[in-house]
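The file my_file17.txt contains compact mmCIF, C-alpha atoms:
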```txt
# COMPACT_ATOMS: atom_id res chain seq x y z
CA MET A 1 2.16 37.77 -4.30
CA SER A 2 3.64 40.43 -2.02
CA ASP A 3 5.66 38.09 0.23
CA GLU A 4 7.19 36.18 -2.65
CA LEU A 5 10.96 36.55 -2.84
CA ASP A 6 13.35 35.92 -5.69
CA GLY A 7 14.36 32.28 -5.78
CA VAL A 8 11.47 31.14 -3.64
CA PRO A 9 9.08 28.85 -5.53
CA ALA A 10 5.70 30.36 -6.41
CA GLU A 11 3.08 29.60 -3.79
CA ILE A 12 0.37 27.08 -4.51
CA ASP A 13 -3.25 27.24 -3.43
CA CYS A 14 -5.12 24.99 -0.98
CA ALA A 15 -6.79 22.87 -3.66
CA GLU A 16 -3.44 22.02 -5.23
CA ALA A 17 -1.82 21.39 -1.86
CA LEU A 18 -4.58 19.16 -0.49
CA VAL A 19 -4.38 16.58 -3.27
CA GLN A 20 -0.62 16.30 -2.86
CA LEU A 21 -0.30 16.07 0.92
CA GLN A 22 -0.18 12.26 0.95
CA ASP A 23 2.49 12.17 -1.75
CA TYR A 24 4.38 14.85 0.18
CA LEU A 25 4.37 12.70 3.32
CA LYS A 26 5.44 9.65 1.31
CA ARG A 27 8.34 11.72 -0.13
CA GLU A 28 7.14 11.06 -3.65
CA LEU A 29 7.21 14.66 -4.92
CA THR A 30 10.00 16.47 -6.71
CA ALA A 31 12.13 18.66 -4.45
CA ASP A 32 10.59 21.79 -5.95
CA THR A 33 6.98 20.70 -5.43
CA ALA A 34 7.74 19.42 -1.93
CA GLU A 35 9.21 22.80 -1.04
CA ARG A 36 6.12 24.59 -2.35
CA ILE A 37 3.90 22.34 -0.24
CA ARG A 38 6.08 22.91 2.82
CA LEU A 39 5.87 26.68 2.41
CA HIS A 40 2.11 26.56 1.88
CA VAL A 41 1.48 24.38 4.92
CA GLN A 42 3.62 26.70 7.05
CA ARG A 43 1.32 29.58 6.19
CA CYS A 44 -2.06 27.87 6.02
CA GLY A 45 -3.68 26.57 9.20
CA HIS A 46 -6.32 24.57 7.37
CA CYS A 47 -3.81 22.68 5.24
CA PHE A 48 -1.57 22.18 8.27
CA GLY A 49 -4.51 20.44 10.00
CA GLN A 50 -5.07 18.32 6.90
CA LEU A 51 -1.41 17.40 6.82
CA ARG A 52 -1.60 16.21 10.44
CA PHE A 53 -4.74 14.24 9.55
CA GLU A 54 -3.02 12.49 6.64
CA GLU A 55 0.04 11.88 8.79
CA GLN A 56 -2.00 10.22 11.55
CA PHE A 57 -3.74 8.08 8.96
CA LEU A 58 -0.54 6.92 7.25
CA GLN A 59 1.05 6.28 10.64
CA LEU A 60 -1.92 4.07 11.55
CA LEU A 61 -1.45 1.91 8.46
CA HIS A 62 2.32 1.76 8.81
CA THR A 63 2.16 0.34 12.32
CA ARG A 64 -0.70 -2.13 11.75
CA GLY A 65 0.12 -5.71 10.88
CA ALA A 66 3.84 -4.97 10.52
CA ASP A 67 4.70 -7.58 13.18
CA VAL A 68 3.15 -10.42 11.17
CA ARG A 69 5.93 -12.74 10.02
CA CYS A 70 6.01 -15.66 7.63
CA PRO A 71 5.32 -18.70 9.88
CA ASP A 72 8.39 -20.89 10.56
CA ALA A 73 6.58 -24.00 9.32
CA LEU A 74 5.93 -22.32 5.97
CA ARG A 75 9.51 -21.10 5.71
CA LEU A 76 10.69 -24.68 6.29
CA ARG A 77 8.22 -26.09 3.77
CA ILE A 78 9.44 -23.62 1.16
CA THR A 79 13.15 -24.29 1.70
CA ASP A 80 12.45 -28.04 1.53
CA ALA A 81 10.44 -27.62 -1.66
CA LEU A 82 13.23 -25.52 -3.22
CA ARG A 83 15.80 -28.15 -2.29
CA THR A 84 13.69 -30.90 -3.89
CA GLU A 85 13.15 -28.75 -6.97
CA ALA A 86 16.90 -28.07 -7.27
CA ALA A 87 17.74 -31.77 -6.86
CA ASP A 88 15.29 -32.68 -9.65
CA ASN A 89 17.03 -30.38 -12.14
CA MET B 1 13.52 -14.31 -22.99
CA THR B 2 16.71 -16.34 -22.65
CA ASP B 3 17.30 -17.97 -19.30
CA VAL B 4 20.62 -17.29 -17.67
CA VAL B 5 22.32 -19.88 -15.48
CA ARG B 6 22.75 -18.44 -12.00
CA GLU B 7 25.17 -19.47 -9.31
CA PRO B 8 23.77 -22.01 -6.82
CA GLY B 9 22.18 -20.44 -3.79
CA SER B 10 21.65 -17.05 -5.45
CA PHE B 11 17.87 -17.46 -5.50
CA GLU B 12 17.73 -18.28 -1.79
CA ARG B 13 19.98 -15.32 -1.02
CA GLU B 14 17.92 -12.84 -3.03
CA ALA B 15 14.39 -14.14 -2.51
CA LEU B 16 14.14 -15.62 0.99
CA PRO B 17 14.62 -12.26 2.78
CA HIS B 18 11.31 -11.14 1.21
CA LEU B 19 9.22 -13.99 2.66
CA ASP B 20 7.71 -11.85 5.44
CA THR B 21 6.61 -9.19 2.95
CA LEU B 22 5.21 -11.80 0.55
CA TYR B 23 3.30 -13.48 3.36
CA ARG B 24 1.75 -10.21 4.60
CA VAL B 25 0.77 -9.16 1.07
CA ALA B 26 -0.68 -12.63 0.44
CA LEU B 27 -2.74 -12.38 3.63
CA ARG B 28 -4.29 -9.11 2.49
CA LEU B 29 -4.88 -10.37 -1.05
CA GLY B 30 -5.90 -13.91 -0.25
CA GLY B 31 -8.11 -13.45 2.75
CA ASP B 32 -7.02 -16.27 5.06
CA GLU B 33 -3.85 -17.82 6.45
CA SER B 34 -4.04 -21.17 4.71
CA ARG B 35 -4.62 -19.59 1.31
CA ALA B 36 -1.83 -17.08 1.97
CA GLU B 37 0.57 -19.92 2.79
CA ASP B 38 -0.29 -21.79 -0.42
CA LEU B 39 0.04 -18.60 -2.41
CA VAL B 40 3.49 -17.78 -1.02
CA GLN B 41 4.77 -21.33 -1.53
CA GLU B 42 3.54 -21.41 -5.11
CA THR B 43 5.04 -17.97 -5.75
CA MET B 44 8.44 -19.07 -4.49
CA LEU B 45 8.44 -22.22 -6.62
CA LYS B 46 7.40 -20.30 -9.72
CA ALA B 47 10.04 -17.66 -9.02
CA PHE B 48 12.69 -20.34 -8.53
CA ARG B 49 11.82 -21.92 -11.88
CA ALA B 50 11.90 -18.50 -13.58
CA TRP B 51 15.06 -17.33 -11.79
CA GLY B 52 17.05 -17.37 -15.04
CA GLN B 53 14.76 -14.61 -16.33
CA PHE B 54 15.38 -12.29 -13.39
CA ARG B 55 17.72 -9.44 -14.25
CA PRO B 56 20.33 -9.07 -11.49
CA GLY B 57 20.51 -5.58 -10.10
CA THR B 58 16.77 -5.00 -10.61
CA ASN B 59 14.28 -5.13 -7.79
CA ALA B 60 13.79 -8.70 -6.53
CA ARG B 61 11.01 -7.68 -4.15
CA ALA B 62 8.94 -6.07 -6.92
CA TRP B 63 9.62 -9.08 -9.19
CA LEU B 64 8.42 -11.53 -6.53
CA ILE B 65 5.32 -9.45 -5.81
CA THR B 66 4.46 -9.44 -9.53
CA ILE B 67 4.62 -13.26 -9.53
CA LEU B 68 2.56 -13.45 -6.33
CA ARG B 69 -0.07 -11.13 -7.72
CA ASN B 70 -0.32 -12.90 -11.09
CA THR B 71 -0.62 -16.25 -9.31
CA PHE B 72 -3.33 -14.82 -7.10
CA ILE B 73 -5.29 -13.37 -10.02
CA ASN B 74 -5.03 -16.51 -12.12
CA GLU B 75 -5.70 -19.11 -9.49
CA TYR B 76 -7.04 -17.70 -6.28
CA ARG B 77 -9.10 -14.61 -6.85
CA ARG B 78 -12.04 -16.53 -8.25
CA GLN B 79 -12.14 -18.57 -5.03
CA ARG B 80 -12.18 -15.57 -2.75
CA ARG B 81 -15.46 -13.94 -1.88
CA GLU B 82 -14.73 -10.40 -2.95
CA PRO B 83 -16.78 -7.54 -1.64
CA VAL B 84 -19.29 -6.23 -4.16
CA PRO B 85 -17.17 -4.33 -6.70
CA VAL B 86 -17.19 -0.63 -5.95
CA ASP B 87 -18.28 1.45 -8.89
CA ILE B 88 -15.95 4.37 -9.45
CA ASP B 89 -18.99 6.68 -9.36
CA VAL B 90 -19.69 5.47 -5.84
CA VAL B 91 -16.11 6.23 -4.83
CA GLU B 92 -16.04 9.63 -6.52
CA PRO B 93 -18.04 11.59 -3.90
CA TYR B 94 -15.47 10.53 -1.31
CA ILE B 95 -12.71 12.00 -3.44
CA ALA B 96 -14.41 15.36 -3.79
CA ARG B 97 -14.29 16.25 -0.13
CA PRO B 98 -11.23 15.68 2.02
CA ALA B 99 -12.12 13.64 5.06
CA GLY B 100 -11.27 16.08 7.79
CA PRO B 101 -14.01 15.83 10.38
CA ASP B 102 -14.64 19.13 12.15
CA THR B 103 -14.75 17.46 15.54
CA ASP B 104 -11.25 15.99 15.16
CA PRO B 105 -9.53 17.92 12.37
CA GLU B 106 -6.13 16.38 12.95
CA GLY B 107 -7.33 12.77 12.97
CA SER B 108 -6.29 11.77 16.49
CA PHE B 109 -9.18 9.28 16.45
CA PHE B 110 -7.15 7.07 14.11
CA SER B 111 -4.92 5.96 16.95
CA LYS B 112 -7.91 4.60 18.90
CA ILE B 113 -8.97 2.16 16.20
CA VAL B 114 -7.91 -1.40 16.94
CA ASP B 115 -5.73 -3.40 14.54
CA ALA B 116 -8.41 -5.92 13.63
CA LYS B 117 -10.80 -3.18 12.54
CA VAL B 118 -8.17 -1.48 10.40
CA LEU B 119 -7.29 -4.73 8.67
CA GLU B 120 -10.95 -5.57 8.17
CA ALA B 121 -11.52 -2.19 6.51
CA VAL B 122 -8.45 -2.70 4.29
CA ASP B 123 -9.75 -6.13 3.28
CA HIS B 124 -13.03 -4.57 2.18
CA LEU B 125 -11.40 -2.18 -0.30
CA PRO B 126 -11.83 -3.04 -3.99
CA PRO B 127 -8.90 -5.31 -5.02
CA GLU B 128 -7.09 -2.78 -7.23
CA PHE B 129 -7.20 -0.19 -4.46
CA ARG B 130 -6.31 -2.67 -1.75
CA GLU B 131 -3.17 -4.01 -3.40
CA ALA B 132 -1.79 -0.51 -4.06
CA LEU B 133 -2.49 0.60 -0.49
CA VAL B 134 -1.01 -2.54 1.08
CA LEU B 135 2.19 -2.24 -0.97
CA SER B 136 2.61 1.47 -0.32
CA ASP B 137 1.33 2.17 3.15
CA MET B 138 1.79 -1.15 4.91
CA GLU B 139 4.86 -2.56 3.15
CA GLY B 140 6.61 0.70 2.33
CA LEU B 141 7.23 0.18 -1.39
CA SER B 142 7.91 3.34 -3.42
CA TYR B 143 5.41 4.35 -6.08
CA ALA B 144 7.94 3.29 -8.74
CA GLU B 145 8.27 -0.18 -7.17
CA ILE B 146 4.49 -0.52 -7.02
CA ALA B 147 4.18 0.50 -10.67
CA GLU B 148 6.72 -2.21 -11.49
CA SER B 149 4.97 -4.82 -9.32
CA LEU B 150 1.49 -4.10 -10.65
CA GLN B 151 2.71 -3.39 -14.19
CA VAL B 152 0.79 -0.11 -14.46
CA PRO B 153 1.94 3.50 -15.03
CA ILE B 154 2.99 5.47 -11.97
CA GLY B 155 0.07 7.88 -12.50
CA THR B 156 -2.32 4.95 -12.10
CA VAL B 157 -0.60 4.00 -8.86
CA LYS B 158 -1.00 7.54 -7.53
CA SER B 159 -4.65 7.75 -8.46
CA ARG B 160 -5.47 4.32 -6.98
CA LEU B 161 -3.65 5.21 -3.79
CA PHE B 162 -5.44 8.52 -3.43
CA ARG B 163 -8.84 6.88 -3.86
CA ALA B 164 -7.97 3.92 -1.65
CA ARG B 165 -6.84 6.16 1.19
CA ARG B 166 -9.88 8.43 0.98
CA LEU B 167 -12.23 5.45 0.94
CA LEU B 168 -10.48 3.90 3.92
CA GLN B 169 -10.46 7.20 5.82
CA HIS B 170 -14.21 7.47 5.42
CA GLN B 171 -14.77 3.89 6.55
CA LEU B 172 -12.58 4.39 9.61
CA TYR B 173 -14.21 7.74 10.34
CA ASP B 174 -17.67 6.14 10.27
CA HIS B 175 -16.41 3.39 12.55
CA ALA B 176 -14.96 5.96 14.98
CA VAL B 177 -18.31 7.76 15.10
CA GLU B 178 -20.13 4.48 15.68
CA MET B 179 -17.77 3.59 18.53
CA GLY B 180 -18.12 7.05 20.07
CA TYR B 181 -14.45 8.00 19.59
CA ILE B 182 -15.61 11.19 17.88
CA LYS B 183 -18.86 13.06 17.34
CA ALA B 184 -20.35 13.04 13.86
CA ARG B 185 -20.10 16.19 11.79
CA GLU B 186 -23.15 18.39 12.18
CA ASP B 187 -23.69 18.54 8.42
CA ARG B 188 -23.69 14.79 7.85
```
Could you render the structure as structure tokens?
Amino acid sequence: MSDELDGVPAEIDCAEALVQLQDYLKRELTADTAERIRLHVQRCGHCFGQLRFEEQFLQLLHTRGADVRCPDALRLRITDALRTEAADN
Amino acid sequence: MTDVVREPGSFEREALPHLDTLYRVALRLGGDESRAEDLVQETMLKAFRAWGQFRPGTNARAWLITILRNTFINEYRRQRREPVPVDIDVVEPYIARPAGPDTDPEGSFFSKIVDAKVLEAVDHLPPEFREALVLSDMEGLSYAEIAESLQVPIGTVKSRLFRARRLLQHQLYDHAVEMGYIKAREDR
């Protein structure tokens, strides 16, 4: 590829990028692959849009239901049960 | 495996901080609050009894989730009304095409969907997909931690997550069209 420079990872195509965008956002790719995705997305409007789409989706899940806590009554029941269990042994 | 005697209070110190996570995961697996409470309590008692088998320095959260999940599968799953199992062939078409609707290519419609609807859609995912998605995208476990919790290879985790997310995206997209948040694609 004409714009490829020495030391810069080889560019990947859209198909390869699209299936890895979620893993890229979750920081689950190797540094080298993540860099190749980053470079591709910088240059490709379609994949940039897809990245935003995946980002919005993951953000939605991350913020939903996160405020649900273990009820105090259950916490108490568990600590009581553990105490009883420990006393029995 | 040989049990090791642990110092008093070490279980409480290591395990109790994960109660919120265990409760949220139990809610998504178990379907209702009372079942989730029973599941978490049973998990904690089982974990306490097996504490001598836990290897210090390894991941307590993943270990507790494994116990929770095994307890759920052995004792609770048969009681829960699961959605009709999704055949992988039914899921496959969703994998083939990325869900980027032309009318909202960057997915801003996601932010309009109310919590209850999102959770309902998550609860309707096939169990193997749901547990991976809940652990990764709602509880923030790494893929390696999920692989440890579910006792499957990391590649399986990745593939379940990819399918789960695509399936959920399509369900939420259809809901957004139904609610008028976005216009349907012309070609659908």
As an exercise, work out the distance from CA of Leu61 in chain A to CA of Glu120 in chain B in Å and give it to one decimal place.
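Distance between the two atoms: 12.1 Å.
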8 Å contact set for range 23-25 of chain A, only C-alpha atoms, chain neighbours under 3 positions out, as a VMD selection string:
chain A and resid 20 28 to 29 34 37 55
Next, write the just-selected residues to a file, as a PDB file, keeping the file's coordinate frame, keeping C-alpha atoms as the atom set.
```
ATOM      1  CA  GLN A  20      -0.620  16.300  -2.860  1.00  0.00           C
ATOM      2  CA  GLU A  28       7.140  11.060  -3.650  1.00  0.00           C
ATOM      3  CA  LEU A  29       7.210  14.660  -4.920  1.00  0.00           C
ATOM      4  CA  ALA A  34       7.740  19.420  -1.930  1.00  0.00           C
ATOM      5  CA  ILE A  37       3.900  22.340  -0.240  1.00  0.00           C
ATOM      6  CA  GLU A  55       0.040  11.880   8.790  1.00  0.00           C
TER       7      GLU A  55
END
```
Each residue of chain B lying at most 7 Å from chain A should get a row with its shortest atom-to-atom pair and the distance in Å to one decimal, counting all atoms listed in the file; could you produce that, ordered by chain and increasing number, as a Markdown table?
```
| residue | atom | partner | partner_atom | distance |
| --- | --- | --- | --- | --- |
| B:Leu19 | CA | A:Cys70 | CA | 6.1 |
| B:Asp20 | CA | A:Cys70 | CA | 4.7 |
| B:Tyr23 | CA | A:Cys70 | CA | 5.5 |
| B:Arg24 | CA | A:Val68 | CA | 6.7 |
| B:Glu37 | CA | A:Leu74 | CA | 6.7 |
| B:Gln41 | CA | A:Ile78 | CA | 5.9 |
| B:Leu45 | CA | A:Leu82 | CA | 6.7 |
| B:Gly100 | CA | A:Gln50 | CA | 6.7 |
| B:Pro105 | CA | A:Gly49 | CA | 6.1 |
| B:Glu106 | CA | A:Phe53 | CA | 4.3 |
| B:Gly107 | CA | A:Phe53 | CA | 4.5 |
| B:Ser108 | CA | A:Gln56 | CA | 6.7 |
| B:Phe110 | CA | A:Phe57 | CA | 6.3 |
| B:Ser111 | CA | A:Leu60 | CA | 6.5 |
| B:Asp115 | CA | A:Arg64 | CA | 5.9 |
| B:Asp137 | CA | A:His62 | CA | 5.8 |
| B:Met138 | CA | A:His62 | CA | 4.9 |
```
Go ahead and dump the residues you just picked, C-alpha atoms, as a short mmCIF file (atom, residue, chain, number, x, y, z; two decimals), keeping the file's coordinate frame.
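Saved file selection-v2.cif follows:
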```
data_model
loop_
_atom_site.label_atom_id
_atom_site.label_comp_id
_atom_site.auth_asym_id
_atom_site.auth_seq_id
_atom_site.Cartn_x
_atom_site.Cartn_y
_atom_site.Cartn_z
CA LEU B 19 9.22 -13.99 2.66
CA ASP B 20 7.71 -11.85 5.44
CA TYR B 23 3.30 -13.48 3.36
CA ARG B 24 1.75 -10.21 4.60
CA GLU B 37 0.57 -19.92 2.79
CA GLN B 41 4.77 -21.33 -1.53
CA LEU B 45 8.44 -22.22 -6.62
CA GLY B 100 -11.27 16.08 7.79
CA PRO B 105 -9.53 17.92 12.37
CA GLU B 106 -6.13 16.38 12.95
CA GLY B 107 -7.33 12.77 12.97
CA SER B 108 -6.29 11.77 16.49
CA PHE B 110 -7.15 7.07 14.11
CA SER B 111 -4.92 5.96 16.95
CA ASP B 115 -5.73 -3.40 14.54
CA ASP B 137 1.33 2.17 3.15
CA MET B 138 1.79 -1.15 4.91
#
```
Selected residue of minimal separation from Leu39 in chain B among B:Leu150, B:Met179, B:Glu12, B:Ile67, counting only C-alpha atoms
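The answer is B:Ile67, which sits nearest to Leu39 in chain B.
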Could you state the separation of CA of Phe129 in chain B and CA of Glu178 in chain B in Å, given to one decimal place?
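Interatomic distance here is 24.4 Å.
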To one decimal place, how far is CA of Ala144 in chain B from CA of Ala17 in chain A in Å?
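These atoms are spaced 21.7 Å apart.
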Quick one: of B:Ala47, B:Ala176, B:Ala15, B:Tyr181, who's nearest to Thr66 in chain B, counting all atoms listed in the file?
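Distance minimum relative to Thr66 in chain B lands on B:Ala47.
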Identify, on the basis of only C-alpha atoms, every residue whose closest approach to Glu14 in chain B does not exceed 12 Å; exclude the query and any residue fewer than 2 positions from it along the same chain; express the result as a CSV table (one decimal) with C-alpha atoms, in the frame of the given file.
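What landed in around10.csv:
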```csv
chain,number,residue,atom,x,y,z
B,6,ARG,CA,22.8,-18.4,-12.0
B,7,GLU,CA,25.2,-19.5,-9.3
B,8,PRO,CA,23.8,-22.0,-6.8
B,9,GLY,CA,22.2,-20.4,-3.8
B,10,SER,CA,21.6,-17.0,-5.4
B,11,PHE,CA,17.9,-17.5,-5.5
B,12,GLU,CA,17.7,-18.3,-1.8
B,16,LEU,CA,14.1,-15.6,1.0
B,17,PRO,CA,14.6,-12.3,2.8
B,18,HIS,CA,11.3,-11.1,1.2
B,19,LEU,CA,9.2,-14.0,2.7
B,44,MET,CA,8.4,-19.1,-4.5
B,47,ALA,CA,10.0,-17.7,-9.0
B,48,PHE,CA,12.7,-20.3,-8.5
B,51,TRP,CA,15.1,-17.3,-11.8
B,54,PHE,CA,15.4,-12.3,-13.4
B,55,ARG,CA,17.7,-9.4,-14.2
B,56,PRO,CA,20.3,-9.1,-11.5
B,57,GLY,CA,20.5,-5.6,-10.1
B,58,THR,CA,16.8,-5.0,-10.6
B,59,ASN,CA,14.3,-5.1,-7.8
B,60,ALA,CA,13.8,-8.7,-6.5
B,61,ARG,CA,11.0,-7.7,-4.2
B,62,ALA,CA,8.9,-6.1,-6.9
B,63,TRP,CA,9.6,-9.1,-9.2
B,64,LEU,CA,8.4,-11.5,-6.5
```
For Leu68 in chain B: contacts at 6 Å, all atoms listed in the file, fewer than 3 positions along chain excluded, given as a compact mmCIF listing (two decimals) with C-alpha atoms, in the coordinates of the input:
```txt
# COMPACT_ATOMS: atom_id res chain seq x y z
CA THR B 43 5.04 -17.97 -5.75
CA ILE B 65 5.32 -9.45 -5.81
CA THR B 71 -0.62 -16.25 -9.31
```
Excluding Ala147 in chain B and any residue of its chain fewer than 2 positions from it, enumerate the residues within 12 Å of it, using only C-alpha atoms, and give them as an MDAnalysis selection string.
chainID B and resid 59 62:63 65:66 131:132 135:136 141:145 149:161
If you keep C-alpha atoms, can you produce a file of those selected residues as a PDB file, in the coordinates of the input?
```pdb
ATOM      1  CA  ASN B  59      14.280  -5.130  -7.790  1.00  0.00           C
ATOM      2  CA  ALA B  62       8.940  -6.070  -6.920  1.00  0.00           C
ATOM      3  CA  TRP B  63       9.620  -9.080  -9.190  1.00  0.00           C
ATOM      4  CA  ILE B  65       5.320  -9.450  -5.810  1.00  0.00           C
ATOM      5  CA  THR B  66       4.460  -9.440  -9.530  1.00  0.00           C
ATOM      6  CA  GLU B 131      -3.170  -4.010  -3.400  1.00  0.00           C
ATOM      7  CA  ALA B 132      -1.790  -0.510  -4.060  1.00  0.00           C
ATOM      8  CA  LEU B 135       2.190  -2.240  -0.970  1.00  0.00           C
ATOM      9  CA  SER B 136       2.610   1.470  -0.320  1.00  0.00           C
ATOM     10  CA  LEU B 141       7.230   0.180  -1.390  1.00  0.00           C
ATOM     11  CA  SER B 142       7.910   3.340  -3.420  1.00  0.00           C
ATOM     12  CA  TYR B 143       5.410   4.350  -6.080  1.00  0.00           C
ATOM     13  CA  ALA B 144       7.940   3.290  -8.740  1.00  0.00           C
ATOM     14  CA  GLU B 145       8.270  -0.180  -7.170  1.00  0.00           C
ATOM     15  CA  SER B 149       4.970  -4.820  -9.320  1.00  0.00           C
ATOM     16  CA  LEU B 150       1.490  -4.100 -10.650  1.00  0.00           C
ATOM     17  CA  GLN B 151       2.710  -3.390 -14.190  1.00  0.00           C
ATOM     18  CA  VAL B 152       0.790  -0.110 -14.460  1.00  0.00           C
ATOM     19  CA  PRO B 153       1.940   3.500 -15.030  1.00  0.00           C
ATOM     20  CA  ILE B 154       2.990   5.470 -11.970  1.00  0.00           C
ATOM     21  CA  GLY B 155       0.070   7.880 -12.500  1.00  0.00           C
ATOM     22  CA  THR B 156      -2.320   4.950 -12.100  1.00  0.00           C
ATOM     23  CA  VAL B 157      -0.600   4.000  -8.860  1.00  0.00           C
ATOM     24  CA  LYS B 158      -1.000   7.540  -7.530  1.00  0.00           C
ATOM     25  CA  SER B 159      -4.650   7.750  -8.460  1.00  0.00           C
ATOM     26  CA  ARG B 160      -5.470   4.320  -6.980  1.00  0.00           C
ATOM     27  CA  LEU B 161      -3.650   5.210  -3.790  1.00  0.00           C
TER      28      LEU B 161
END
```
